[in-house]
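Below: the structure, in structure tokens.
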Amino acid sequence: MIEHPWLIPLAPLLAFAINGLLGPRYLKKATGVIGSAGILAAFLLTVWLWAEGEYGEATLFEWLASGSLAINIGFLVDELTVVMLLVVTGVSFLVHVYSIGYMAHDGSFARFFAWLPLFVFSMVMLVMANNFLSLFVFWELVGVCSYLLIGFWHDRESANNAAMKAFLVNRVGDFGFAIAIFMIFWNFRTLEYGAVFAQVGQADPETVLVIALLLFVGAMGKSAQFPLHIWLPDAMEGPTPVSALIHAATMVTAGVYMVARMAPIFEVHTTALLVVGGVGAFTALFAATIAVVQTDIKRVLAYSTVSQLGLMFLALGAGVYTAAIFHLATHAFFKALLFLGSGSVIHAMHDEQEMTRYGGLRRKLKWTYGTFLVGGLALSAIFPLAGFWSKDEILAGAFMRGASLDGDGLFIVFWALGLAASLLTAFYTFRMVIMTFHGDPRDAELHERAHESPAVMVAPLALLAVLAMGAGAVLGFPPEHGLIHDFLHHAPGILHFELTGNQTIIAISLAVISTAVALLGALGAYMIYSRGAPRAESIGQFVPGMHSLLYRKYHIDEIVNYGIVATTKVLGFILWAIDAKIVDGIANLIGWTVRALGGAARQVQTGQVQNYVFLMALGAVVSVGALMIFR
Amino acid sequence: MAESGFPLLSVILWVPLAGAALVLLTRGRSAAAAVAMLAALVSLLAAVAMVAEFDPGVEGYQFLEERDWIAALDISYRLGVDGISVLMVLLTAILTPIVVATSWLSINRRVREYMAAMLLLETGLLGVFMALDLVLFYVFWELVLIPMYLLIGVWGGPNRIYATIKFFIFTFIGSVLMLLAILVIAFDAGSFNVILLPEIGVSSHLQTAVFGAFFLTFAIKAPMFPFHTWLPDAHVEAPTGGSVILAGVLLKMGGYGFLRYVLPLTPEAVDEFRVAVMALSVVAIINGALVAMMQRDLKKLVAYSSVSHMGFVTLGIFSQEQIGIDGAIVQMFSHGLVTGALFLCVGIVYDRTHTRLFADLGGFAKRMPVYALLLGFFSLASLGLPMMSGFVGEFMVLLAAFGWSYVAGVLSLLGVVLAAAYMLWMYKRVVFGELRSAAFARIPDANRVEVMALLPLVALVMWVGISPGTFVNLLDTATAAIATYR
């Protein structure tokens with residue numbers, strides 16, 4: 001298998017090609033099966049690769065060679081790649097199956113099942129890249145696939161805007177990423193991971209720091225970290241399976257993966273790690289506060305994703321890479337579950353996404369409720385569900401980093417931010433569960449028509465619920481020595497956090513603290529939204545304007561709109577005026593002067609090309625004559 | 001370099017002209033188009049044979065043909081190609097039949113003359129890229145202008161007179177200056193032979209003057225900021241076919257001129273003015289992008305995007321790094337494919353709606369799904385999406401630019417970010433949303449001819465994007481030589 005790693009991306013690529021070329025006209029509904037089969041094939045091939053356990057690099061072909069530059073398209077397969085591939089193809093497969101049901105009545109079913117495998121292909125290639133150019137190429141392709149899928153319902157103005165916003169914000173991130181790549185080339189004269197990593201130790205640490213921070217800007221774009229998070233909540237305009245696939249389970253994890261992969265670059269300068277951890281911790285809390293007041297079910301989940309990604313970056317910054325990847329995996333399971341579950345609710349409620357019109361759905365949507373509750377518990381990091389194990393490791397890692405002698409005390413602050421985010425996470429999760437499934441229906445008519453989703457949608461929910469329940473303990477127990485730790489232990493560039501005797505006690509205490517905090521958050525949600533004491537409105541009155549500020553997402557969108565978009569437009573307008581009036585004016589002035597002096601083009605009109613030909617001939621005669629005379 | 005027995009280049013070069021003569025003898029639009037198509041395809045076939053036979057490892061020019069022309073002055077009919085010319089010849093030969101096919105649908109009057117002008121244009125363009133004698137080069141350079149001038153002036157839009165006069169004056173200034181430069185070189189070096197000239201060189205004290213004259217000529221043609229303002233006007237008035245060739249091939253005469261004449265003949269002056277030229281290129285990239293973003297006319301937007309994209313060409317050439325020069329040529333080739341296709345797409349909408357204003361457009365995704373897909377493809381190619389041709393050239397040029405100066409690199413990279421903004425915005429305004437007029441409710445999708453004309457461009461854009469090595473390998477020997485003139 002290791003000789004042919006290209007087979008893994010080939011399967012989804014073929015599914016895309018077949019569905020794209022033949023889908024709309026001939027295959028129609030069959031595209032759903034073909035797409036799912038392609039992804040399943042990729043998943044099974046990955047399992048095969050994993051079972052064989054032989055890792056290494058392989059070159060597919062020479063992409064470009066020019067001067068001192070030579071770039072190959074190749075593959076790097078190691079433990080980190082395998083974990084990413086398993087998560088990406090596994091979750092994607094379930095999302096594909098679910099989509100067969102969810103998109104069943106959509107007029108563009110075949111188009112959907114062309115873009116979806118293309119997205120998986122790009123993501124798989126991104127994860128398997130062995131050099132910075134390949135990484136960037138597929139990084140951008142993932143971005144364009146998300147553009148196509150977010151804007152899938154293109155007759156909706158909001159969907160088009162969201163798609164554009166996603167692509168453009170990602171381009172801003174990629175701006176930093178690209179500068180990093182060019183700097184890497186001119187400093188190390190290569191773009192191969194291995195060759196670069198081998199040299200960073202000897203390079204100027206300040207330069208490497210700049211490179212690391214620029215790479216992180218790219219990661220912030222893809223993984224929606226403050227202030228480049230603004231595209232992700234809007235991206236919920238896409239069909240819900242897309243939200244589950246791209247904006248929870250896979251695409252947004254690309255940034256986390258990238259930083260983990262580039263660990264040797266980030267570790268050269270501790271400032272890089274501090275920035276990564278700080279941005280992550282801040283984003284985790286920042287996004288959680290916004291999620292607390294949103295009433296659109298998908299928007300809550302979207303901000304939750306931003307928040308959880310922040311925790312992963314906190315882990316990366318703290319140097320507990322395994323915890324970051326571990327949480328990436330468990331989060332992929334439970335967040336895909338929650339998104340698909342919300343899709344099932346939205347489906348049942350005839351495309352209504354406002355939780356203010358839900359309520360009491362637990363009796364009508366038994367399966368959806370049960371699985372959603374599991375996802376919610378996992379997200380809230382309640383013992384012993386998946387989220388508990390991975391999130392606990394992150395917080396413990398941040399604390400240890402802050403407390404250790406060679407660590408940075410700021411990480412204690414980051415830990416506190418993460419802990420506060422945990423409190424809010426449990427709160428908004430249970431707020432969401434209660435508002436959706438408990439209490440009395442707030443819209444009787446909608447409630448009356450609600451119905452459970454078909455088996456093709458429920459089955460993936462059930463499978464993901466099993467993963468959200470068990471994956472944490474199976475992969476992560478005992479803490480620091482679970483399956484995933486031992487597996488990733490061998491991956492190059494991934495550090496392993498070792499706990500010593502005393503620290504074990506601290507770790508257990510930290511776990512107890514974070515569990516208590518999560519339970520407190522859940523209890524708060526129960527009191528407010530189920531018992532109605534205290535009432536949500538009366539809490540809002542404590543700090544006037546607070547609710548509005550959070551509901552409007554700290555006005556970041558407005559700031560970006562007026563600060564950047566409008567400024568760019570004004571600048572463009574001024575430049576256009578200069579171009580059209582001054583630059584062109586001068587050019588015209590010179591032109592007319594020449595014309596007036598020479599009288600050459602006085603009668604240039606339609607059809608009267610004779611003048612010009614005559615002039616040309618005259619010019620030629622004069623010049624040949626001049627040559628004859630002067631030579 | 002031995003002369004090859006069969007005059008392959010002459011076949012590629014003169015078949016279109018012969019075709020033009022034959023076209024004038026036909027009756028009826030379809031007959032004219034058929035003859036024109038035949039001539040263009042024969043030329044394309046010969047060009048493909050040329051690429052197949054071309055040996056990328058050999059230094060210097062290949063397929064050389066040489067005959068005395070004006071023996072008294074040592075002016076020869078001398079043709080030959082290196083890797084750079086090969087790609088430009090190929091681009092010309094590919095775009096012409098595509099334009100003939102689509103013009104057959106969209107041109108309603110004086111079709112014969114139109115087709116003849118188009119073929120004459122092809123001969124002129126091919127000659128520019130093949131000529132290895134300065135006078136011959138000049139003749140072809142001028143030959144290009146006449147049919148282009150006619151295409152805009154006769155088949156153009158309502159404001160065509162203004163556009164043609166402007167086009168004429170700009171290019172006329174360029175021509176006069178170039179003629180002067182050629183004369184100076186001839187007196188100084190005593191030869192018109194483009195093969196020998198780089199070795200003889202131009203005397204130091206004349207280099208600045210020669211550079212200045214050549215630079216203005218090629219900068220107007222490319223077009224470089226601030227000599228670009230003729231381009232949007234010309235495009236807006238030109239018929240679709242004219243725009244495709246204008247953006248697709250004509251602008252490349254500027255880049256080709258820099259590579260073939262400026263860099264090898266006036267290296268000292270290049271060294272002196274390099275910073276200024278690089279700065280102008282960066283300004284062109286950003287200014288072009290920002291101004292493109294503000295356009296209300298679809299065609300003007302594409303025209304200004306050309307200014308921005310051609311900024312990468314000059315940036316790459318004057319980086320004098322082989323990566324940058326290779327990148328500039330790939331960018332020229334790619335821009336020819338992509339912008340040519342975009343102008344075809346503009347034409348498809350214009351033929352159906354008779355408007356190009358964004359205010360009137362929108363909502364075509366439902367009515368014209370195939371068209372929407374094609375326009376989307378070329379929009380993504382234009383904004384430099386990887387795996388498509390636009391990315392390759394810009395990536396290589398940016399790499400070279402960063403090697404020269406981080407500031408230049410970062411600023412140019414901004415152009416790529418802005419390209420995404422204006423292209424996606426353009427796409428949204430044309431394709432998404434609601435139809436603006438009930439008259440468009442029955443608008444037909446892209447027809448078979450239009451799709452068949454665009455598909456080869458789709459294939460080539462993907463080919464360059466996925467395996468740019470195939471094309472860069474053709475260039476390597478030639479650009480390695482050019483990178484040494486410094």
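Naming scheme: A, B, ... for chains in displayed order of the structure tokens; residues 1 onward per chain; ligands 1 onward as shown.
The shell of residues at most 6 Å from range 424-438 of chain A, with only C-alpha atoms counted and near chain neighbours (fewer than 5 positions) removed, consists of Ala288, Val292, Met355, Tyr358, Gly359, Gly360, Leu361, Arg362, Gly376, Ser380, Ala518, Gly521, Ala522 and Ala525 of chain A.
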Just want the 6 Å neighbourhood of range 387-401 of chain A, counted on only C-alpha atoms, with same-chain residues fewer than 3 positions away dropped. Output as a compact mmCIF listing (two decimals) with all heavy atoms, in the first residue's frame.
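Writing the result to around04.txt gives the following:
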# COMPACT_ATOMS: atom_id res chain seq x y z
N ALA A 315 -3.79 23.88 22.83
CA ALA A 315 -2.99 22.67 23.03
C ALA A 315 -1.69 22.73 22.23
O ALA A 315 -0.61 22.41 22.74
CB ALA A 315 -3.80 21.45 22.62
N ALA A 318 0.72 25.00 23.84
CA ALA A 318 1.27 24.43 25.06
C ALA A 318 2.23 23.29 24.76
O ALA A 318 2.90 22.78 25.67
CB ALA A 318 0.14 23.94 25.96
N ALA A 323 -2.60 15.92 22.32
CA ALA A 323 -3.90 16.33 22.84
C ALA A 323 -4.68 17.10 21.78
O ALA A 323 -5.89 16.93 21.62
CB ALA A 323 -3.72 17.17 24.09
N PHE A 326 -5.85 14.65 19.23
CA PHE A 326 -6.86 13.83 19.90
C PHE A 326 -8.19 14.59 19.94
O PHE A 326 -9.25 14.07 19.56
CB PHE A 326 -6.35 13.52 21.32
CG PHE A 326 -7.23 12.61 22.13
CD1 PHE A 326 -8.18 11.77 21.54
CD2 PHE A 326 -7.09 12.57 23.52
CE1 PHE A 326 -8.96 10.94 22.31
CE2 PHE A 326 -7.87 11.74 24.30
CZ PHE A 326 -8.80 10.92 23.70
N HIS A 327 -8.13 15.85 20.34
CA HIS A 327 -9.37 16.64 20.41
C HIS A 327 -9.92 16.90 19.01
O HIS A 327 -11.13 16.94 18.82
CB HIS A 327 -9.11 17.96 21.14
CG HIS A 327 -10.38 18.64 21.58
ND1 HIS A 327 -11.30 18.04 22.41
CD2 HIS A 327 -10.90 19.86 21.32
CE1 HIS A 327 -12.32 18.85 22.63
NE2 HIS A 327 -12.11 19.97 21.97
N ALA A 378 -20.88 15.09 25.02
CA ALA A 378 -19.48 14.98 24.61
C ALA A 378 -18.88 16.37 24.44
O ALA A 378 -17.75 16.63 24.88
CB ALA A 378 -19.37 14.20 23.31
N LEU A 379 -19.63 17.27 23.83
CA LEU A 379 -19.14 18.64 23.63
C LEU A 379 -18.92 19.33 24.98
O LEU A 379 -17.95 20.06 25.17
CB LEU A 379 -20.13 19.44 22.77
CG LEU A 379 -19.91 20.95 22.63
CD1 LEU A 379 -18.56 21.23 21.99
CD2 LEU A 379 -21.00 21.58 21.78
N ALA A 381 -17.97 17.99 27.51
CA ALA A 381 -16.85 17.31 28.16
C ALA A 381 -17.28 16.67 29.48
O ALA A 381 -16.61 16.80 30.49
CB ALA A 381 -15.67 18.25 28.37
N ILE A 382 -18.43 16.00 29.43
CA ILE A 382 -18.91 15.29 30.61
C ILE A 382 -18.32 13.88 30.62
O ILE A 382 -18.36 13.18 29.60
CB ILE A 382 -20.46 15.21 30.60
CG1 ILE A 382 -21.08 16.60 30.47
CG2 ILE A 382 -20.96 14.48 31.84
CD1 ILE A 382 -20.89 17.51 31.65
N PHE A 383 -17.77 13.47 31.73
CA PHE A 383 -17.23 12.12 31.89
C PHE A 383 -18.30 11.08 31.65
O PHE A 383 -19.41 11.28 32.14
CB PHE A 383 -16.65 11.99 33.31
CG PHE A 383 -16.04 10.67 33.61
CD1 PHE A 383 -14.71 10.40 33.28
CD2 PHE A 383 -16.80 9.65 34.20
CE1 PHE A 383 -14.14 9.17 33.56
CE2 PHE A 383 -16.24 8.41 34.46
CZ PHE A 383 -14.91 8.18 34.14
N SER A 404 5.22 24.75 34.77
CA SER A 404 6.56 24.15 34.76
C SER A 404 7.63 25.22 34.73
O SER A 404 7.39 26.37 34.37
CB SER A 404 6.69 23.22 33.55
OG SER A 404 6.68 23.99 32.37
N GLY A 407 8.44 26.68 31.43
CA GLY A 407 7.26 27.11 30.70
C GLY A 407 7.04 28.60 30.83
O GLY A 407 7.86 29.34 31.38
N PHE A 411 0.59 30.80 30.36
CA PHE A 411 -0.27 29.66 30.03
C PHE A 411 -1.25 29.35 31.15
O PHE A 411 -2.29 28.73 30.92
CB PHE A 411 0.57 28.43 29.66
CG PHE A 411 0.93 28.41 28.21
CD1 PHE A 411 2.14 28.93 27.77
CD2 PHE A 411 0.06 27.91 27.27
CE1 PHE A 411 2.46 28.94 26.43
CE2 PHE A 411 0.37 27.91 25.92
CZ PHE A 411 1.57 28.44 25.50
N ILE A 412 -0.94 29.80 32.38
CA ILE A 412 -1.92 29.66 33.46
C ILE A 412 -3.15 30.51 33.12
O ILE A 412 -4.29 30.10 33.32
CB ILE A 412 -1.31 30.12 34.81
CG1 ILE A 412 -0.08 29.28 35.17
CG2 ILE A 412 -2.36 30.08 35.89
CD1 ILE A 412 -0.39 27.94 35.75
N TRP A 415 -5.02 28.83 30.50
CA TRP A 415 -5.77 27.72 31.08
C TRP A 415 -7.09 28.25 31.66
O TRP A 415 -8.15 27.67 31.47
CB TRP A 415 -4.93 27.04 32.16
CG TRP A 415 -5.70 26.09 33.03
CD1 TRP A 415 -6.11 24.84 32.71
CD2 TRP A 415 -6.19 26.36 34.35
NE1 TRP A 415 -6.82 24.28 33.74
CE2 TRP A 415 -6.88 25.21 34.76
CE3 TRP A 415 -6.10 27.45 35.22
CZ2 TRP A 415 -7.49 25.11 36.01
CZ3 TRP A 415 -6.70 27.35 36.46
CH2 TRP A 415 -7.39 26.18 36.86
N GLY A 472 -13.30 8.61 23.05
CA GLY A 472 -12.40 9.23 24.01
C GLY A 472 -11.71 8.22 24.88
O GLY A 472 -10.48 8.19 24.99
N ALA A 507 -2.97 16.52 37.70
CA ALA A 507 -3.80 16.24 36.52
C ALA A 507 -5.18 15.79 36.94
O ALA A 507 -6.19 16.22 36.36
CB ALA A 507 -3.13 15.19 35.64
N ALA A 511 -8.75 17.66 36.26
CA ALA A 511 -9.88 16.99 35.61
C ALA A 511 -11.14 17.18 36.44
O ALA A 511 -12.23 17.43 35.90
CB ALA A 511 -9.57 15.50 35.42
*Provide the CA of Ala40 in chain B to CA of Arg448 in chain B distance in Å, to one decimal place.*
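CA of Ala40 in chain B sits 19.6 Å away from CA of Arg448 in chain B.
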*Near-Leu27 in chain A list (12 Å; only C-alpha atoms; drop same-chain fewer than 4 positions) as a PyMOL selection string*: chain A and resi 15+18-23+31-35+109-111+113-114
Convert the current residue selection to file output with N, CA and C atoms, as a PDB file, in the first residue's frame.
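And here is the file that came out, again-v5.pdb:
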ATOM      1  N   ALA A  15     -14.763   9.634  -8.100  1.00  0.00           N
ATOM      2  CA  ALA A  15     -16.179   9.871  -7.796  1.00  0.00           C
ATOM      3  C   ALA A  15     -16.589  11.257  -8.278  1.00  0.00           C
ATOM      4  N   ILE A  18     -16.692  11.202 -12.230  1.00  0.00           N
ATOM      5  CA  ILE A  18     -17.860  10.481 -12.749  1.00  0.00           C
ATOM      6  C   ILE A  18     -19.136  11.283 -12.495  1.00  0.00           C
ATOM      7  N   ASN A  19     -19.303  11.722 -11.252  1.00  0.00           N
ATOM      8  CA  ASN A  19     -20.525  12.460 -10.916  1.00  0.00           C
ATOM      9  C   ASN A  19     -20.593  13.801 -11.634  1.00  0.00           C
ATOM     10  N   GLY A  20     -19.427  14.441 -11.782  1.00  0.00           N
ATOM     11  CA  GLY A  20     -19.417  15.744 -12.422  1.00  0.00           C
ATOM     12  C   GLY A  20     -19.745  15.659 -13.904  1.00  0.00           C
ATOM     13  N   LEU A  21     -19.192  14.640 -14.569  1.00  0.00           N
ATOM     14  CA  LEU A  21     -19.380  14.538 -16.016  1.00  0.00           C
ATOM     15  C   LEU A  21     -20.724  13.907 -16.375  1.00  0.00           C
ATOM     16  N   LEU A  22     -21.076  12.841 -15.663  1.00  0.00           N
ATOM     17  CA  LEU A  22     -22.268  12.086 -16.055  1.00  0.00           C
ATOM     18  C   LEU A  22     -23.448  12.307 -15.123  1.00  0.00           C
ATOM     19  N   GLY A  23     -23.182  12.898 -13.960  1.00  0.00           N
ATOM     20  CA  GLY A  23     -24.211  12.989 -12.933  1.00  0.00           C
ATOM     21  C   GLY A  23     -25.498  13.670 -13.346  1.00  0.00           C
ATOM     22  N   THR A  31     -25.640   9.203  -8.144  1.00  0.00           N
ATOM     23  CA  THR A  31     -24.426   9.926  -7.750  1.00  0.00           C
ATOM     24  C   THR A  31     -24.190   9.823  -6.251  1.00  0.00           C
ATOM     25  N   GLY A  32     -25.288   9.747  -5.478  1.00  0.00           N
ATOM     26  CA  GLY A  32     -25.138   9.652  -4.033  1.00  0.00           C
ATOM     27  C   GLY A  32     -24.386   8.392  -3.638  1.00  0.00           C
ATOM     28  N   VAL A  33     -24.748   7.287  -4.295  1.00  0.00           N
ATOM     29  CA  VAL A  33     -24.093   6.012  -3.999  1.00  0.00           C
ATOM     30  C   VAL A  33     -22.645   6.038  -4.481  1.00  0.00           C
ATOM     31  N   ILE A  34     -22.426   6.588  -5.674  1.00  0.00           N
ATOM     32  CA  ILE A  34     -21.069   6.621  -6.222  1.00  0.00           C
ATOM     33  C   ILE A  34     -20.164   7.480  -5.345  1.00  0.00           C
ATOM     34  N   GLY A  35     -20.682   8.635  -4.949  1.00  0.00           N
ATOM     35  CA  GLY A  35     -19.890   9.508  -4.079  1.00  0.00           C
ATOM     36  C   GLY A  35     -19.537   8.816  -2.780  1.00  0.00           C
ATOM     37  N   PHE A 109     -29.080  17.673  -6.859  1.00  0.00           N
ATOM     38  CA  PHE A 109     -28.513  16.533  -6.134  1.00  0.00           C
ATOM     39  C   PHE A 109     -27.173  16.095  -6.719  1.00  0.00           C
ATOM     40  N   ALA A 110     -27.130  15.958  -8.047  1.00  0.00           N
ATOM     41  CA  ALA A 110     -25.915  15.442  -8.690  1.00  0.00           C
ATOM     42  C   ALA A 110     -24.750  16.426  -8.534  1.00  0.00           C
ATOM     43  N   ARG A 111     -25.062  17.709  -8.647  1.00  0.00           N
ATOM     44  CA  ARG A 111     -24.011  18.716  -8.475  1.00  0.00           C
ATOM     45  C   ARG A 111     -23.435  18.628  -7.062  1.00  0.00           C
ATOM     46  N   PHE A 113     -23.257  16.028  -5.188  1.00  0.00           N
ATOM     47  CA  PHE A 113     -22.406  14.848  -5.037  1.00  0.00           C
ATOM     48  C   PHE A 113     -21.214  14.857  -5.994  1.00  0.00           C
ATOM     49  N   ALA A 114     -21.050  15.942  -6.737  1.00  0.00           N
ATOM     50  CA  ALA A 114     -19.785  16.128  -7.459  1.00  0.00           C
ATOM     51  C   ALA A 114     -18.835  16.940  -6.578  1.00  0.00           C
TER      52      ALA A 114
END
*Give me, please, the distance in Å between CA of Trp104 in chain B and CA of Tyr371 in chain B, quoted to one decimal.*
18.8 Å
*asked:* Just want the 7 Å neighbourhood of Leu265 in chain B, counted on only C-alpha atoms, with same-chain residues fewer than 2 positions away dropped. Output as a PyMOL selection string.
replied: chain B and resi 198+201-202+261-263+267
Using only C-alpha atoms, determine which residues lie at most 6 Å from Ile39 in chain A, disregarding the query and same-chain residues fewer than 2 positions distant; provide the list as an mmCIF file with N, CA and C atoms, in the first residue's frame.
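Result written to part_15.cif:
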data_model
loop_
_atom_site.group_PDB
_atom_site.id
_atom_site.type_symbol
_atom_site.label_atom_id
_atom_site.label_comp_id
_atom_site.auth_asym_id
_atom_site.auth_seq_id
_atom_site.Cartn_x
_atom_site.Cartn_y
_atom_site.Cartn_z
ATOM 1 N N PRO A 12 -11.859 9.329 -4.257
ATOM 2 C CA PRO A 12 -12.802 10.462 -4.312
ATOM 3 C C PRO A 12 -12.676 11.280 -5.592
ATOM 4 N N SER A 36 -20.539 8.226 -2.151
ATOM 5 C CA SER A 36 -20.294 7.538 -0.879
ATOM 6 C C SER A 36 -19.306 6.396 -1.063
ATOM 7 N N ALA A 37 -19.461 5.655 -2.168
ATOM 8 C CA ALA A 37 -18.564 4.523 -2.418
ATOM 9 C C ALA A 37 -17.125 4.996 -2.576
ATOM 10 N N ALA A 41 -14.177 3.808 -0.188
ATOM 11 C CA ALA A 41 -12.966 3.177 -0.714
ATOM 12 C C ALA A 41 -11.731 3.850 -0.126
ATOM 13 N N ALA A 42 -11.755 5.190 -0.086
ATOM 14 C CA ALA A 42 -10.615 5.907 0.471
ATOM 15 C C ALA A 42 -10.414 5.543 1.935
ATOM 16 N N PHE A 93 -17.399 9.943 4.984
ATOM 17 C CA PHE A 93 -18.246 8.865 4.466
ATOM 18 C C PHE A 93 -19.640 8.926 5.098
#
_DSSP on the backbone: which residues in range 70-272 of chain B end up as strand (DSSP E or B)? Give the answer as a PyMOL selection string._
chain B and resi 70+75-81+131+133+193
Can you list, as a compact mmCIF listing (two decimals) with all heavy atoms, in the first residue's frame, every protein, DNA or RNA residue that comes within 6 Å of range 170-179 of chain B when you count only C-alpha atoms, leaving out same-chain residues fewer than 3 positions away?
# COMPACT_ATOMS: atom_id res chain seq x y z
N PHE B 167 -5.94 54.07 -29.97
CA PHE B 167 -5.11 52.90 -30.24
C PHE B 167 -4.03 53.25 -31.25
O PHE B 167 -2.85 52.94 -31.09
CB PHE B 167 -6.00 51.77 -30.75
CG PHE B 167 -5.27 50.53 -31.16
CD1 PHE B 167 -4.69 49.69 -30.22
CD2 PHE B 167 -5.15 50.18 -32.51
CE1 PHE B 167 -4.02 48.55 -30.59
CE2 PHE B 167 -4.48 49.03 -32.89
CZ PHE B 167 -3.91 48.22 -31.93
N ILE B 182 15.74 50.73 -33.77
CA ILE B 182 16.31 49.75 -34.71
C ILE B 182 17.39 50.39 -35.55
O ILE B 182 18.45 49.79 -35.79
CB ILE B 182 15.17 49.16 -35.59
CG1 ILE B 182 14.29 48.26 -34.73
CG2 ILE B 182 15.73 48.41 -36.78
CD1 ILE B 182 13.07 47.72 -35.44
N ALA B 213 13.66 53.84 -25.93
CA ALA B 213 12.76 53.72 -27.07
C ALA B 213 12.06 52.37 -27.08
O ALA B 213 10.83 52.28 -27.21
CB ALA B 213 13.54 53.91 -28.37
N PHE B 214 12.85 51.31 -26.92
CA PHE B 214 12.26 49.97 -26.88
C PHE B 214 11.29 49.86 -25.72
O PHE B 214 10.19 49.32 -25.83
CB PHE B 214 13.35 48.90 -26.70
CG PHE B 214 13.84 48.33 -28.00
CD1 PHE B 214 15.17 47.98 -28.16
CD2 PHE B 214 12.96 48.11 -29.05
CE1 PHE B 214 15.63 47.44 -29.34
CE2 PHE B 214 13.42 47.55 -30.25
CZ PHE B 214 14.76 47.22 -30.39
N THR B 217 7.93 51.45 -26.33
CA THR B 217 7.17 50.67 -27.30
C THR B 217 6.54 49.45 -26.66
O THR B 217 5.34 49.20 -26.80
CB THR B 217 8.12 50.17 -28.42
OG1 THR B 217 8.92 51.26 -28.83
CG2 THR B 217 7.34 49.63 -29.58
_Which residue is closest to Phe364 in chain B? Choose from B:Gly340, B:Gly433, B:Gly254, B:Gly384 and count only C-alpha atoms._
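Looking only at the distances to Phe364 in chain B, the closest residue turns out to be B:Gly433.
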*What lies within 8 Å of Ile317 in chain B using only C-alpha atoms, ignoring chain neighbours under 6 positions off, as a PyMOL selection string?*
chain B and resi 255+258-259+324-325+328
Those residues you just picked out, can you put them in a file as a JSON list (two decimals), in the first residue's frame with N, CA, C and O atoms?
[["chain", "number", "residue", "atom", "x", "y", "z"],
["B", 255, "GLY", "N", 5.68, 41.76, -23.84],
["B", 255, "GLY", "CA", 6.52, 40.89, -23.02],
["B", 255, "GLY", "C", 7.60, 40.22, -23.85],
["B", 255, "GLY", "O", 8.76, 40.12, -23.44],
["B", 258, "PHE", "N", 10.43, 42.63, -24.62],
["B", 258, "PHE", "CA", 11.36, 42.78, -23.50],
["B", 258, "PHE", "C", 12.35, 41.63, -23.45],
["B", 258, "PHE", "O", 13.55, 41.81, -23.27],
["B", 259, "LEU", "N", 11.84, 40.42, -23.64],
["B", 259, "LEU", "CA", 12.68, 39.23, -23.51],
["B", 259, "LEU", "C", 13.67, 39.12, -24.65],
["B", 259, "LEU", "O", 14.84, 38.79, -24.46],
["B", 324, "GLY", "N", 11.75, 33.69, -12.43],
["B", 324, "GLY", "CA", 10.84, 34.78, -12.73],
["B", 324, "GLY", "C", 10.56, 34.89, -14.22],
["B", 324, "GLY", "O", 9.42, 35.15, -14.64],
["B", 325, "ILE", "N", 11.60, 34.70, -15.03],
["B", 325, "ILE", "CA", 11.41, 34.79, -16.49],
["B", 325, "ILE", "C", 10.54, 33.64, -16.97],
["B", 325, "ILE", "O", 9.59, 33.83, -17.74],
["B", 328, "ALA", "N", 7.13, 34.47, -15.99],
["B", 328, "ALA", "CA", 6.52, 35.51, -16.82],
["B", 328, "ALA", "C", 5.99, 34.92, -18.12],
["B", 328, "ALA", "O", 4.90, 35.28, -18.57]]
List every residue of chain B that has an atom at most 6 Å from any atom of chain A, and for each one report the closest atom pair and its distance in Å to one decimal, counting only C-alpha atoms, with rows sorted by chain and then by increasing residue number, as a Markdown table.
| residue | atom | partner | partner_atom | distance |
| --- | --- | --- | --- | --- |
| B:Gly153 | CA | A:Thr606 | CA | 5.2 |
| B:Val154 | CA | A:Thr606 | CA | 5.6 |
| B:Ile169 | CA | A:Gly591 | CA | 5.9 |
| B:Thr229 | CA | A:Asp584 | CA | 5.5 |
| B:Leu290 | CA | A:Gly572 | CA | 4.6 |
| B:Val291 | CA | A:Trp576 | CA | 5.0 |
| B:Gln322 | CA | A:Gly67 | CA | 5.5 |
| B:Ile323 | CA | A:Ser66 | CA | 5.5 |
| B:Pro386 | CA | A:Val137 | CA | 5.2 |
| B:Leu399 | CA | A:Phe182 | CA | 5.8 |
| B:Val417 | CA | A:Arg171 | CA | 6.0 |
| B:Gly433 | CA | A:Asp155 | CA | 5.5 |
| B:Ser467 | CA | A:Trp63 | CA | 5.6 |
| B:Pro468 | CA | A:Leu64 | CA | 5.9 |
| B:Gly469 | CA | A:Leu64 | CA | 4.4 |
